[in-house]
file input-v9.cif (mmCIF, C-alpha atoms)
data_final
loop_
_atom_site.label_atom_id
_atom_site.label_comp_id
_atom_site.auth_asym_id
_atom_site.auth_seq_id
_atom_site.Cartn_x
_atom_site.Cartn_y
_atom_site.Cartn_z
CA MET A 8 9.74 -188.37 -2.74
CA LEU A 9 13.36 -188.12 -3.80
CA VAL A 10 15.61 -186.45 -1.28
CA ASP A 11 19.32 -185.98 -0.97
CA LYS A 12 19.78 -188.15 2.12
CA GLU A 13 23.25 -186.81 2.83
CA LYS A 14 21.97 -183.25 2.78
CA LEU A 15 18.99 -184.18 4.95
CA GLU A 16 21.26 -185.91 7.50
CA SER A 17 23.42 -182.80 7.64
CA TYR A 18 20.30 -180.66 8.19
CA VAL A 19 19.08 -182.94 10.97
CA SER A 20 22.46 -183.19 12.65
CA LYS A 21 22.85 -179.42 12.71
CA ALA A 22 19.30 -178.89 14.01
CA VAL A 23 19.61 -181.50 16.77
CA TYR A 24 23.05 -180.59 18.08
CA ARG A 25 22.51 -176.83 17.87
CA THR A 26 19.15 -177.04 19.64
CA LEU A 27 20.54 -179.17 22.45
CA GLU A 28 23.60 -176.97 22.82
CA VAL A 29 21.87 -173.60 22.76
CA THR A 30 18.72 -174.52 24.65
CA CYS A 31 20.03 -177.12 27.10
CA TYR A 32 23.79 -176.52 27.29
CA MET A 33 24.53 -180.07 26.10
CA PHE A 34 27.47 -180.90 23.89
CA PRO A 35 28.29 -183.65 21.39
CA VAL A 36 30.24 -186.68 22.57
CA GLU A 37 31.22 -190.00 21.02
CA ALA A 38 29.28 -193.18 21.81
CA ASP A 39 32.23 -194.70 23.69
CA GLU A 40 32.44 -191.61 25.91
CA LEU A 41 28.81 -192.15 26.90
CA GLN A 42 29.50 -195.80 27.65
CA GLU A 43 32.43 -194.78 29.86
CA MET A 44 29.92 -192.58 31.71
CA GLY A 45 27.75 -195.67 32.28
CA ILE A 46 25.12 -194.77 29.70
CA ASP A 47 23.99 -197.67 27.53
CA THR A 48 24.14 -196.61 23.89
CA ASN A 49 22.37 -199.79 22.77
CA VAL A 50 19.14 -198.80 24.48
CA SER A 51 16.07 -200.28 22.78
CA ASP A 52 13.29 -198.09 21.37
CA ASP A 53 10.87 -199.40 24.00
CA GLU A 54 12.93 -197.79 26.74
CA LEU A 55 12.84 -194.33 25.19
CA THR A 56 10.45 -191.45 25.81
CA SER A 57 9.37 -189.80 22.61
CA SER A 58 7.65 -186.74 21.28
CA VAL A 59 6.09 -186.71 17.85
CA ILE A 60 5.36 -183.67 15.75
CA THR A 61 3.64 -183.78 12.38
CA PHE A 62 3.99 -181.34 9.52
CA GLU A 63 2.14 -180.54 6.30
CA GLY A 64 2.39 -178.15 3.37
CA ALA A 65 5.27 -178.48 0.89
CA ALA A 66 5.65 -182.03 2.22
CA GLU A 67 3.87 -184.01 4.87
CA GLY A 68 5.26 -186.26 7.52
CA ALA A 69 6.42 -186.41 11.11
CA VAL A 70 9.48 -186.06 13.25
CA PHE A 71 9.95 -188.42 16.20
CA ILE A 72 12.43 -187.39 18.87
CA ALA A 73 13.07 -190.23 21.30
CA VAL A 74 15.41 -189.83 24.27
CA ASN A 75 16.80 -192.16 26.88
CA ASP A 76 15.99 -191.65 30.57
CA ASP A 77 19.16 -189.68 31.31
CA LEU A 78 18.43 -187.14 28.61
CA TYR A 79 14.69 -187.02 29.41
CA HIS A 80 15.49 -185.99 33.00
CA ALA A 81 18.24 -183.55 32.01
CA LEU A 82 16.35 -181.60 29.34
CA ALA A 83 13.94 -179.88 31.71
CA SER A 84 16.52 -179.38 34.45
CA ASN A 85 18.93 -177.70 32.07
CA MET A 86 16.29 -175.61 30.33
CA LEU A 87 14.82 -174.36 33.60
CA GLY A 88 18.10 -174.19 35.50
CA GLU A 89 16.65 -176.28 38.31
CA ASP A 90 17.94 -179.51 39.84
CA THR A 91 14.61 -181.28 39.73
CA ALA A 92 11.66 -181.13 37.40
CA SER A 93 8.17 -182.59 37.48
CA LYS A 94 6.97 -185.11 34.90
CA ASP A 95 4.88 -182.38 33.26
CA GLU A 96 7.95 -180.17 32.99
CA LYS A 97 9.98 -183.04 31.53
CA ASP A 98 7.30 -183.77 28.94
CA ALA A 99 7.01 -180.07 28.10
CA ALA A 100 10.77 -179.78 27.71
CA LEU A 101 10.91 -182.78 25.37
CA CYS A 102 8.00 -181.40 23.33
CA GLU A 103 9.59 -177.96 23.02
CA ILE A 104 12.90 -179.50 21.96
CA ALA A 105 10.98 -181.53 19.36
CA ASN A 106 9.21 -178.34 18.25
CA ILE A 107 12.46 -176.44 17.77
CA ILE A 108 14.23 -179.34 16.06
CA CYS A 109 11.30 -179.95 13.71
CA GLY A 110 11.02 -176.24 12.96
CA ASN A 111 14.64 -176.26 11.92
CA ILE A 112 14.34 -179.44 9.81
CA VAL A 113 11.22 -178.73 7.72
CA PRO A 114 12.78 -175.90 5.67
CA PHE A 115 14.64 -178.77 3.97
CA PHE A 116 11.35 -179.77 2.34
CA ALA A 117 10.29 -176.25 1.24
CA LYS A 118 9.93 -175.83 -2.50
CA ASN A 119 8.57 -173.30 -4.99
CA GLY A 120 7.93 -170.83 -2.21
CA GLU A 121 5.77 -173.30 -0.32
CA ILE A 122 6.77 -174.10 3.25
CA CYS A 123 5.73 -176.69 5.81
CA LYS A 124 3.43 -175.90 8.70
CA ILE A 125 4.17 -177.81 11.87
CA ASN A 126 1.54 -178.99 14.31
CA PRO A 127 1.82 -178.94 18.09
CA PRO A 128 4.09 -181.68 19.50
CA GLU A 129 2.75 -184.52 21.59
CA ILE A 130 4.30 -187.10 23.85
CA GLY A 131 3.80 -190.28 21.86
CA SER A 132 4.76 -193.86 21.57
CA PHE A 133 7.81 -194.54 19.49
CA LYS A 134 5.76 -197.50 18.22
CA ASN A 135 3.54 -195.05 16.29
CA LYS A 136 6.38 -194.92 13.80
CA LYS A 137 4.96 -198.13 12.37
CA LEU A 138 1.88 -196.20 11.19
CA PHE A 139 4.05 -194.03 9.00
CA GLU A 140 6.10 -196.99 7.83
CA SER A 141 2.96 -198.83 6.78
CA LYS A 142 1.76 -195.83 4.77
CA GLY A 143 4.84 -195.77 2.61
CA TYR A 144 6.50 -192.62 3.87
CA GLY A 145 10.19 -192.19 3.15
CA HIS A 146 12.27 -191.93 6.27
CA GLU A 147 15.65 -190.98 7.63
CA LYS A 148 17.09 -191.93 11.02
CA PHE A 149 19.67 -190.08 13.03
CA GLU A 150 21.21 -190.70 16.46
CA ALA A 151 22.74 -187.91 18.50
CA TYR A 152 25.04 -188.43 21.45
CA VAL A 153 25.43 -185.56 23.89
CA ASP A 154 27.03 -185.41 27.31
CA GLU A 155 23.67 -186.03 29.02
CA GLY A 156 22.38 -188.94 26.92
CA ILE A 157 21.04 -190.17 23.63
CA ALA A 158 18.46 -188.77 21.20
CA LYS A 159 17.12 -190.83 18.32
CA VAL A 160 15.46 -188.82 15.60
CA THR A 161 13.35 -190.32 12.82
CA ILE A 162 11.84 -188.20 10.05
CA TYR A 163 9.00 -189.50 7.87
CA PHE A 164 8.15 -187.56 4.74
CA LYS A 165 6.29 -187.67 1.46
CA ASP A 166 5.11 -185.19 -1.14
CA ALA A 167 1.85 -183.50 -0.26
CA ASP A 168 -0.95 -184.72 -2.58
CA MET B 276 8.89 -146.84 34.18
CA ASN B 277 8.05 -150.49 34.78
CA LEU B 278 7.36 -152.41 31.59
CA ASN B 279 4.40 -154.75 31.50
CA VAL B 280 5.34 -157.63 29.24
CA LEU B 281 3.12 -160.15 27.48
CA ILE B 282 4.63 -163.47 26.37
CA VAL B 283 2.50 -165.29 23.79
CA GLU B 284 3.88 -168.79 23.38
CA ASP B 285 2.18 -172.19 23.46
CA GLU B 286 4.97 -173.99 25.33
CA GLN B 287 4.99 -173.22 29.03
CA ILE B 288 8.66 -174.12 29.41
CA THR B 289 9.68 -171.55 26.79
CA ARG B 290 7.53 -168.92 28.48
CA SER B 291 9.44 -169.72 31.70
CA ILE B 292 12.81 -169.35 29.97
CA ILE B 293 11.84 -166.02 28.39
CA LYS B 294 10.53 -164.85 31.74
CA GLN B 295 13.83 -165.72 33.43
CA ILE B 296 15.77 -163.82 30.77
CA LEU B 297 13.54 -160.76 31.19
CA LEU B 298 13.96 -160.81 34.96
CA ASP B 299 17.70 -161.30 34.53
CA SER B 300 17.97 -158.22 32.27
CA ASN B 301 18.33 -154.66 33.48
CA LEU B 302 14.90 -153.77 32.18
CA ASP B 303 12.46 -152.40 34.73
CA ILE B 304 9.97 -155.19 34.48
CA GLY B 305 6.50 -154.73 35.90
CA ASP B 306 4.01 -157.51 35.35
CA ILE B 307 4.84 -160.44 33.10
CA LEU B 308 1.67 -161.85 31.61
CA GLU B 309 1.39 -165.03 29.61
CA ALA B 310 -0.88 -166.35 26.88
CA GLU B 311 -0.89 -169.72 25.13
CA ASN B 312 -2.01 -168.53 21.69
CA GLY B 313 -2.84 -165.44 19.69
CA ARG B 314 -6.48 -165.40 20.71
CA GLU B 315 -5.58 -165.43 24.41
CA GLY B 316 -2.94 -162.81 23.69
CA LEU B 317 -5.53 -160.46 22.20
CA ASP B 318 -7.77 -161.03 25.22
CA VAL B 319 -4.92 -159.94 27.51
CA LEU B 320 -4.22 -156.89 25.34
CA ASN B 321 -7.88 -155.91 25.62
CA SER B 322 -7.78 -155.96 29.40
CA GLN B 323 -4.25 -154.89 30.39
CA LYS B 324 -1.81 -152.15 29.45
CA ILE B 325 1.12 -153.91 27.77
CA ASP B 326 4.45 -152.23 26.97
CA LEU B 327 6.29 -155.09 25.28
CA LEU B 328 5.13 -158.15 23.36
CA LEU B 329 7.10 -161.36 22.78
CA VAL B 330 5.25 -163.59 20.34
CA ASP B 331 5.79 -167.06 18.89
CA ILE B 332 4.50 -167.69 15.37
CA TYR B 333 3.35 -171.30 15.26
CA MET B 334 0.64 -171.77 17.87
CA PRO B 335 -2.74 -173.52 17.85
CA VAL B 336 -6.07 -171.61 17.81
CA MET B 337 -4.54 -168.38 16.45
CA ASP B 338 -0.95 -168.10 15.27
CA GLY B 339 1.34 -165.21 16.09
CA LEU B 340 1.24 -163.55 12.67
CA GLU B 341 -2.55 -163.42 12.66
CA MET B 342 -2.51 -162.00 16.17
CA LEU B 343 0.01 -159.34 15.11
CA GLU B 344 -2.17 -158.34 12.13
CA HIS B 345 -4.92 -157.56 14.64
CA VAL B 346 -2.46 -155.70 16.87
CA MET B 347 -1.09 -153.58 14.04
CA SER B 348 -4.55 -152.67 12.78
CA ARG B 349 -5.47 -151.23 16.16
CA PRO B 350 -4.39 -147.59 16.75
CA ASP B 351 -4.22 -148.21 20.50
CA LEU B 352 -1.92 -151.25 20.13
CA LYS B 353 0.11 -150.74 16.94
CA ASP B 354 3.00 -148.93 18.65
CA ILE B 355 3.73 -151.64 21.21
CA PRO B 356 7.27 -152.97 20.60
CA VAL B 357 7.16 -156.58 19.43
CA ILE B 358 9.78 -159.32 19.32
CA VAL B 359 8.85 -162.43 17.37
CA VAL B 360 10.51 -165.55 18.82
CA SER B 361 10.16 -168.46 16.42
CA THR B 362 11.71 -171.37 14.59
CA GLU B 363 10.71 -169.62 11.33
CA ASN B 364 13.49 -170.29 8.85
CA ASP B 365 12.07 -168.96 5.62
CA ASP B 366 14.12 -165.89 4.70
CA LYS B 367 11.24 -164.14 2.95
CA ARG B 368 8.93 -164.57 5.90
CA VAL B 369 11.60 -163.41 8.35
CA ASP B 370 12.34 -160.38 6.13
CA ALA B 371 8.63 -159.57 6.04
CA ILE B 372 8.55 -159.60 9.84
CA ILE B 373 11.60 -157.33 10.13
CA ARG B 374 10.27 -154.95 7.43
CA LYS B 375 7.21 -154.40 9.60
CA GLY B 376 9.56 -153.03 12.26
CA LEU B 377 9.28 -156.07 14.50
CA GLY B 378 12.22 -157.70 16.27
CA PHE B 379 13.02 -161.29 15.43
CA VAL B 380 14.82 -163.97 17.44
CA HIS B 381 15.29 -167.39 15.93
CA LYS B 382 14.79 -170.52 18.06
CA PRO B 383 16.93 -172.01 19.45
CA PHE B 384 18.06 -168.75 21.01
CA THR B 385 20.69 -167.86 23.57
CA LYS B 386 20.13 -165.48 26.46
CA VAL B 387 22.58 -163.08 24.83
CA LEU B 388 20.66 -163.07 21.55
CA LEU B 389 17.33 -162.31 23.18
CA LYS B 390 18.90 -159.62 25.37
CA LYS B 391 20.46 -158.01 22.28
CA GLU B 392 17.06 -157.91 20.60
CA LEU B 393 15.54 -156.39 23.73
CA ALA B 394 18.28 -153.76 23.72
CA LYS B 395 17.34 -152.72 20.16
CA LEU B 396 13.95 -151.62 21.43
CA GLY B 397 15.25 -148.30 22.57
CA GLY B 398 18.86 -148.39 23.51
CA ILE B 399 17.98 -149.96 26.83
CA ASP B 400 20.88 -151.48 28.72
CA VAL B 401 19.83 -155.08 29.28
CA SER B 402 23.25 -156.59 29.95
#
call {"tool": "encode", "arguments": {"input": "input-v9.cif", "output": "structure tokens"}}
result
Amino acid sequence: MLVDKEKLESYVSKAVYRTLEVTCYMFPVEADELQEMGIDTNVSDDELTSSVITFEGAAEGAVFIAVNDDLYHALASNMLGEDTASKDEKDAALCEIANIICGNIVPFFAKNGEICKINPPEIGSFKNKKLFESKGYGHEKFEAYVDEGIAKVTIYFKDAD
Amino acid sequence: MNLNVLIVEDEQITRSIIKQILLDSNLDIGDILEAENGREGLDVLNSQKIDLLLVDIYMPVMDGLEMLEHVMSRPDLKDIPVIVVSTENDDKRVDAIIRKGLGFVHKPFTKVLLKKELAKLGGIDVS
């Protein structure tokens, strides 16, 4: 599937930063600002908590949203306006953020009046990305830095058969 | 008059946020009921008097648009004010929702945006 990667990156960037700003009151920062705050920007994928959401229709694929511990804890607290949140609330917050981000990314793939339908998000292993890689999906990666942590977004896509 | 509100949304955390915004508005809120999908939403509508509906579109089991088709085909339910709260981005689909006389709030939404949509329901001061 041929995509304009620059346009897709712009779509993803806008979706991620706007969702985090509007829903969680988090704002973009530079990587060195995060490091000054003591947040490791070189965190490995294994240390991230991720939510995966698949889509089908005009194109099929998946969006992985993986966040570091700082952001994982802050999402639910900021969304609910509470200092502490349970693990279930943290997972739900990450899934809803994934849902909103994915919902705002998939219009990129719409064509000829056909849209993409998104499936419910799940907490999933970032390692599941390998399944999509092995099946020959195209992909695009994006990292977002906000004042509460790091989000790594990977989109897998291919034309629907 | 206290408004009984039904929130139909599959994500519990978003239901909580909408609930907080409703309680933070100047609307006279009665009961706030919740459903996880359109099917559950219809079950609530069959058993409770509801004055305002907030409905997501993309949900498992029964999506919001299918649920609203049922609602609008029922004489006893068709006049309930509805606000659709969704990530829907397709202009034609959003226009179709608005043409049916339904409110629409795009996710991600701010408190102000949802309150403005609530205010359109009848000139209610929700500031």
call {"tool": "closest_atom_pairs", "arguments": {"input": "input-v9.cif", "of": "segment 312-394 of chain B", "to": "segment 13-23 of chain A", "cutoff": "12 Å", "atoms": "all atoms listed in the file", "output": "CSV"}}
result
residue,atom,partner,partner_atom,distance
B:Thr362,CA,A:Ala22,CA,10.7
B:Asn364,CA,A:Ala22,CA,11.6
B:Lys382,CA,A:Ala22,CA,10.3
B:Pro383,CA,A:Ala22,CA,9.1
call {"tool": "residues_around", "arguments": {"input": "input-v9.cif", "residues": "segment 55-66 of chain A", "least_positions_apart": "6", "cutoff": "10 Å", "atoms": "all atoms listed in the file", "output": "number ranges by chain"}}
result
A: 8, 72-79, 98-106, 108-110, 113-136, 157-168
call {"tool": "residues_around", "arguments": {"input": "input-v9.cif", "residues": "segment 338-355 of chain B", "least_positions_apart": "5", "cutoff": "12 Å", "atoms": "all atoms listed in the file", "output": "PyMOL selection string"}}
result
(chain A and resi 124-127) or (chain B and resi 278-285+310-333+360-361+363+368-369+371-372+375-378+396)
call {"tool": "atom_distance", "arguments": {"input": "input-v9.cif", "atom1": "atom CA of Asn111 of chain A", "atom2": "atom CA of Ile358 of chain B"}}
result
19.1 Å
call {"tool": "atom_distance", "arguments": {"input": "input-v9.cif", "atom1": "atom CA of Met33 of chain A", "atom2": "atom CA of Glu155 of chain A"}}
result
6.7 Å
call {"tool": "closest_residue", "arguments": {"input": "input-v9.cif", "among": "A:Ala92, A:Glu150, A:Ala69, A:Glu37", "to": "Val50 of chain A", "atoms": "only C-alpha atoms"}}
result
A:Glu150
call {"tool": "atom_distance", "arguments": {"input": "input-v9.cif", "atom1": "atom CA of Asp365 of chain B", "atom2": "atom CA of Tyr144 of chain A"}}
result
24.4 Å
call {"tool": "closest_residue", "arguments": {"input": "input-v9.cif", "among": "B:Leu302, B:Ile296, B:Ile307, B:Leu393", "to": "Pro356 of chain B", "atoms": "all atoms listed in the file"}}
result
B:Leu393
call {"tool": "closest_residue", "arguments": {"input": "input-v9.cif", "among": "A:Thr91, A:Ser141, A:Asn85, A:Ser51", "to": "chain B", "atoms": "all atoms listed in the file"}}
result
A:Asn85
call {"tool": "resolve_selection", "arguments": {"input": "input-v9.cif", "expression": "the PyMOL selection byres ((chain B and resi 298) around 12)", "output": "NGL selection string"}}
result
:B and (277-280 or 291-297 or 299-307 or 386 or 390 or 401-402)
call {"tool": "resolve_selection", "arguments": {"input": "input-v9.cif", "expression": "the PyMOL selection byres ((chain A and resi 35) around 8)", "output": "ChimeraX atom specification"}}
result
/A:24,33-34,36-37,151-154
call {"tool": "build_atoms", "arguments": {"input": "input-v9.cif", "residues": "segment 332-354 of chain B", "atoms": "N, CA and C atoms", "output": "CSV table (one decimal), in the frame of the given file"}}
result
chain,number,residue,atom,x,y,z
B,332,ILE,N,5.3,-167.7,16.6
B,332,ILE,CA,4.5,-167.7,15.4
B,332,ILE,C,3.6,-168.9,15.4
B,333,TYR,N,4.2,-170.1,15.4
B,333,TYR,CA,3.4,-171.3,15.3
B,333,TYR,C,2.7,-171.7,16.6
B,334,MET,N,1.4,-171.4,16.7
B,334,MET,CA,0.6,-171.8,17.9
B,334,MET,C,-0.7,-172.2,17.4
B,335,PRO,N,-1.4,-173.1,18.2
B,335,PRO,CA,-2.7,-173.5,17.8
B,335,PRO,C,-3.7,-172.4,18.1
B,336,VAL,N,-4.9,-172.6,17.7
B,336,VAL,CA,-6.1,-171.6,17.8
B,336,VAL,C,-5.9,-170.4,16.9
B,337,MET,N,-4.9,-169.5,17.3
B,337,MET,CA,-4.5,-168.4,16.4
B,337,MET,C,-3.0,-168.2,16.5
B,338,ASP,N,-2.4,-168.2,15.3
B,338,ASP,CA,-1.0,-168.1,15.3
B,338,ASP,C,-0.5,-166.7,15.5
B,339,GLY,N,0.8,-166.5,15.7
B,339,GLY,CA,1.3,-165.2,16.1
B,339,GLY,C,1.2,-164.2,15.0
B,340,LEU,N,1.3,-164.5,13.7
B,340,LEU,CA,1.2,-163.6,12.7
B,340,LEU,C,-0.2,-163.0,12.6
B,341,GLU,N,-1.2,-163.9,12.7
B,341,GLU,CA,-2.6,-163.4,12.7
B,341,GLU,C,-2.8,-162.5,13.8
B,342,MET,N,-2.3,-162.9,15.0
B,342,MET,CA,-2.5,-162.0,16.2
B,342,MET,C,-1.9,-160.6,15.9
B,343,LEU,N,-0.7,-160.6,15.3
B,343,LEU,CA,0.0,-159.3,15.1
B,343,LEU,C,-0.7,-158.5,14.1
B,344,GLU,N,-1.4,-159.1,13.1
B,344,GLU,CA,-2.2,-158.3,12.1
B,344,GLU,C,-3.2,-157.6,12.9
B,345,HIS,N,-3.9,-158.2,13.8
B,345,HIS,CA,-4.9,-157.6,14.6
B,345,HIS,C,-4.3,-156.4,15.4
B,346,VAL,N,-3.1,-156.7,16.0
B,346,VAL,CA,-2.5,-155.7,16.9
B,346,VAL,C,-2.1,-154.5,16.0
B,347,MET,N,-1.6,-154.7,14.8
B,347,MET,CA,-1.1,-153.6,14.0
B,347,MET,C,-2.2,-152.8,13.4
B,348,SER,N,-3.4,-153.4,13.4
B,348,SER,CA,-4.6,-152.7,12.8
B,348,SER,C,-5.3,-151.8,13.8
B,349,ARG,N,-4.8,-152.0,15.1
B,349,ARG,CA,-5.5,-151.2,16.2
B,349,ARG,C,-4.6,-150.0,16.6
B,350,PRO,N,-5.2,-148.8,16.4
B,350,PRO,CA,-4.4,-147.6,16.8
B,350,PRO,C,-3.9,-147.6,18.2
B,351,ASP,N,-4.6,-148.2,19.1
B,351,ASP,CA,-4.2,-148.2,20.5
B,351,ASP,C,-3.1,-149.3,20.8
B,352,LEU,N,-2.9,-150.2,19.9
B,352,LEU,CA,-1.9,-151.2,20.1
B,352,LEU,C,-0.7,-151.2,19.2
B,353,LYS,N,-0.9,-150.6,18.0
B,353,LYS,CA,0.1,-150.7,16.9
B,353,LYS,C,1.5,-150.3,17.3
B,354,ASP,N,1.7,-149.4,18.3
B,354,ASP,CA,3.0,-148.9,18.6
B,354,ASP,C,3.7,-149.7,19.7
